[in-house]
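**Student:** Dropping a structure here in structure tokens format, bear with me for questions.
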Amino acid sequence: MPSDLVVRALRKEYPHPSGTLVVLDGLSLAMSRGEALAVMGPSGSGKSTLLYILGSLESPTAGAVEICGQDPFALGPAGLARFRNRSVGFVFQDHHLLPQCTSLENVLVPTLARGGASPEDAVRAKDLLGRVGLAERMDRLPSELSGGERQRVAIARALINSPPVVLADEPTGNLDRRSARRVGSLLLELQRERDILLIAVTHSVDLAARFPERAELVDGRLERGA
């Protein structure tokens, strides 16, 4: 059975005053839905760069990425935007919620790319907010929520379009220990329930230890089982 995510010989380099800076160097990876991988590594090792390339937010210098059999970088701008909206959910360290929108409206933001939220989308958003424990706070603005609550809204937003792949960049990095454990548990519970392919990059040893698979980014490549 083919993998849902296939990365082959991925390379990413940037121009630098002292020469080319190589961040990813021949990195390869294969994963399927239902799998969850935590990626660790020191600051500057390329963890976020890897996530942005997998999410088609940034292009690789060389190599190939396929998600569900599709090469996103072979698409034009409009096709790439549609692909990203439907196939990949993002959870960032800084939740990036719109401050003027309620929790419910923030969860529905990804549906706007499809022409606006349908009644079915609204039902699904309310169900997701209930699942993350915010049924009573769906009309609150981000400023009225705690850090952990804002991150739970971000998780619900990442899932609203039922993407096969979810990418999380330091999802507990800005939270206190108790909130971090709750958000980490919730993310993994939803991953299992919805058969999602989840990749999280993190500095948190506690969060990484709870993932079924772990890897370390070393010299531009992933070392599995770290």
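In the structure tokens, the first chain shown is A, the next is B, and so on; residue numbers restart at 1 for each chain, and ligands run from 1 in the order shown.
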Apply DSSP to the backbone of this structure and, from stretch 64-209 of chain A, keep only the residues in strand (DSSP E or B); write these as a ChimeraX atom specification.
**Tutor:** /A:64-67,70,88-92,165-169,197-201
**Student:** Just the residues within 8 Å of stretch 5-11 of chain A, please, counting only C-alpha atoms, with nothing from its chain fewer than 6 positions along; format it as a list of chain:residue names.
**Tutor:**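 The contact residues come out as A:Val22, A:Val23, A:Leu24, A:Asp25, A:Gly26, A:Leu27, A:Ser28, A:Leu29, A:Ala30, A:Met31, A:Ser32, A:Pro60, A:Thr61, A:Ala62, A:Gly63, A:Ala64, A:Val65, A:Glu66, A:Ile67, A:Cys68, A:Gly69.
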**Student:** Do a neighbour search on A:Arg157 at 10 Å with only C-alpha atoms, toss out local chain neighbours closer than 4 positions, and write the hits as a PDB file with N, CA, C and O atoms, in the first residue's frame.
**Tutor:**
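Resulting contents of selection.pdb:
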ATOM      1  N   GLY A  89      -3.600  20.499   7.415  1.00  0.00           N
ATOM      2  CA  GLY A  89      -4.001  21.371   8.514  1.00  0.00           C
ATOM      3  C   GLY A  89      -2.763  21.800   9.279  1.00  0.00           C
ATOM      4  O   GLY A  89      -1.816  21.020   9.441  1.00  0.00           O
ATOM      5  N   PHE A  90      -2.744  23.040   9.746  1.00  0.00           N
ATOM      6  CA  PHE A  90      -1.585  23.587  10.446  1.00  0.00           C
ATOM      7  C   PHE A  90      -1.961  23.989  11.872  1.00  0.00           C
ATOM      8  O   PHE A  90      -3.010  24.593  12.096  1.00  0.00           O
ATOM      9  N   VAL A  91      -1.064  23.669  12.805  1.00  0.00           N
ATOM     10  CA  VAL A  91      -1.162  24.164  14.176  1.00  0.00           C
ATOM     11  C   VAL A  91       0.184  24.806  14.492  1.00  0.00           C
ATOM     12  O   VAL A  91       1.213  24.131  14.505  1.00  0.00           O
ATOM     13  N   HIS A  95      -0.827  30.709  17.895  1.00  0.00           N
ATOM     14  CA  HIS A  95      -2.057  30.186  17.294  1.00  0.00           C
ATOM     15  C   HIS A  95      -2.533  30.919  16.043  1.00  0.00           C
ATOM     16  O   HIS A  95      -3.238  30.346  15.213  1.00  0.00           O
ATOM     17  N   LEU A  97      -4.783  33.184  15.624  1.00  0.00           N
ATOM     18  CA  LEU A  97      -6.217  33.422  15.544  1.00  0.00           C
ATOM     19  C   LEU A  97      -6.469  34.882  15.164  1.00  0.00           C
ATOM     20  O   LEU A  97      -5.701  35.775  15.520  1.00  0.00           O
ATOM     21  N   SER A 103     -14.320  32.353  18.554  1.00  0.00           N
ATOM     22  CA  SER A 103     -13.747  31.008  18.403  1.00  0.00           C
ATOM     23  C   SER A 103     -14.380  30.276  17.227  1.00  0.00           C
ATOM     24  O   SER A 103     -13.680  29.670  16.399  1.00  0.00           O
ATOM     25  N   LEU A 104     -15.705  30.323  17.137  1.00  0.00           N
ATOM     26  CA  LEU A 104     -16.405  29.646  16.053  1.00  0.00           C
ATOM     27  C   LEU A 104     -15.998  30.218  14.703  1.00  0.00           C
ATOM     28  O   LEU A 104     -15.730  29.467  13.751  1.00  0.00           O
ATOM     29  N   GLU A 105     -15.937  31.523  14.591  1.00  0.00           N
ATOM     30  CA  GLU A 105     -15.563  32.159  13.320  1.00  0.00           C
ATOM     31  C   GLU A 105     -14.125  31.815  12.942  1.00  0.00           C
ATOM     32  O   GLU A 105     -13.828  31.574  11.763  1.00  0.00           O
ATOM     33  N   ASN A 106     -13.230  31.745  13.923  1.00  0.00           N
ATOM     34  CA  ASN A 106     -11.842  31.377  13.633  1.00  0.00           C
ATOM     35  C   ASN A 106     -11.740  29.951  13.110  1.00  0.00           C
ATOM     36  O   ASN A 106     -10.977  29.680  12.181  1.00  0.00           O
ATOM     37  N   VAL A 107     -12.507  29.041  13.693  1.00  0.00           N
ATOM     38  CA  VAL A 107     -12.484  27.658  13.220  1.00  0.00           C
ATOM     39  C   VAL A 107     -12.975  27.572  11.780  1.00  0.00           C
ATOM     40  O   VAL A 107     -12.481  26.758  10.984  1.00  0.00           O
ATOM     41  N   LEU A 108     -13.901  28.427  11.408  1.00  0.00           N
ATOM     42  CA  LEU A 108     -14.483  28.395  10.062  1.00  0.00           C
ATOM     43  C   LEU A 108     -13.653  29.121   9.008  1.00  0.00           C
ATOM     44  O   LEU A 108     -13.960  29.032   7.816  1.00  0.00           O
ATOM     45  N   VAL A 109     -12.608  29.831   9.410  1.00  0.00           N
ATOM     46  CA  VAL A 109     -11.808  30.601   8.454  1.00  0.00           C
ATOM     47  C   VAL A 109     -11.324  29.763   7.264  1.00  0.00           C
ATOM     48  O   VAL A 109     -11.416  30.206   6.108  1.00  0.00           O
ATOM     49  N   PRO A 110     -10.799  28.537   7.451  1.00  0.00           N
ATOM     50  CA  PRO A 110     -10.336  27.768   6.285  1.00  0.00           C
ATOM     51  C   PRO A 110     -11.422  27.448   5.273  1.00  0.00           C
ATOM     52  O   PRO A 110     -11.116  27.163   4.112  1.00  0.00           O
ATOM     53  N   THR A 111     -12.682  27.486   5.674  1.00  0.00           N
ATOM     54  CA  THR A 111     -13.756  27.182   4.720  1.00  0.00           C
ATOM     55  C   THR A 111     -14.015  28.345   3.765  1.00  0.00           C
ATOM     56  O   THR A 111     -14.672  28.161   2.735  1.00  0.00           O
ATOM     57  N   ALA A 125     -17.897  22.659  12.816  1.00  0.00           N
ATOM     58  CA  ALA A 125     -17.080  23.539  13.656  1.00  0.00           C
ATOM     59  C   ALA A 125     -17.548  23.493  15.103  1.00  0.00           C
ATOM     60  O   ALA A 125     -16.739  23.438  16.037  1.00  0.00           O
ATOM     61  N   LEU A 128     -16.455  20.250  16.628  1.00  0.00           N
ATOM     62  CA  LEU A 128     -15.026  20.266  16.938  1.00  0.00           C
ATOM     63  C   LEU A 128     -14.740  21.076  18.190  1.00  0.00           C
ATOM     64  O   LEU A 128     -13.943  20.669  19.039  1.00  0.00           O
ATOM     65  N   LEU A 129     -15.380  22.225  18.324  1.00  0.00           N
ATOM     66  CA  LEU A 129     -15.176  23.026  19.525  1.00  0.00           C
ATOM     67  C   LEU A 129     -15.670  22.297  20.765  1.00  0.00           C
ATOM     68  O   LEU A 129     -15.062  22.385  21.838  1.00  0.00           O
ATOM     69  N   GLN A 151      -5.056  27.715  21.824  1.00  0.00           N
ATOM     70  CA  GLN A 151      -4.415  26.659  21.048  1.00  0.00           C
ATOM     71  C   GLN A 151      -5.390  25.537  20.721  1.00  0.00           C
ATOM     72  O   GLN A 151      -5.303  24.917  19.661  1.00  0.00           O
ATOM     73  N   ARG A 152      -6.359  25.301  21.585  1.00  0.00           N
ATOM     74  CA  ARG A 152      -7.381  24.303  21.272  1.00  0.00           C
ATOM     75  C   ARG A 152      -8.291  24.777  20.135  1.00  0.00           C
ATOM     76  O   ARG A 152      -8.727  23.965  19.302  1.00  0.00           O
ATOM     77  N   VAL A 153      -8.568  26.069  20.077  1.00  0.00           N
ATOM     78  CA  VAL A 153      -9.292  26.615  18.920  1.00  0.00           C
ATOM     79  C   VAL A 153      -8.483  26.386  17.656  1.00  0.00           C
ATOM     80  O   VAL A 153      -9.022  26.009  16.606  1.00  0.00           O
ATOM     81  N   ASN A 161     -11.491  21.168   7.730  1.00  0.00           N
ATOM     82  CA  ASN A 161     -11.653  20.647   6.372  1.00  0.00           C
ATOM     83  C   ASN A 161     -11.309  19.165   6.262  1.00  0.00           C
ATOM     84  O   ASN A 161     -11.149  18.644   5.156  1.00  0.00           O
ATOM     85  N   SER A 162     -11.172  18.495   7.409  1.00  0.00           N
ATOM     86  CA  SER A 162     -10.861  17.051   7.461  1.00  0.00           C
ATOM     87  C   SER A 162      -9.633  16.699   6.627  1.00  0.00           C
ATOM     88  O   SER A 162      -9.683  15.795   5.784  1.00  0.00           O
TER      89      SER A 162
END
**Student:** Could you tell me how far atom CA of A:Ser43 sits from atom CA of A:Arg84, in Å to one decimal place?
**Tutor:**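 Going from atom CA of A:Arg84 over to atom CA of A:Ser43 covers 26.2 Å.
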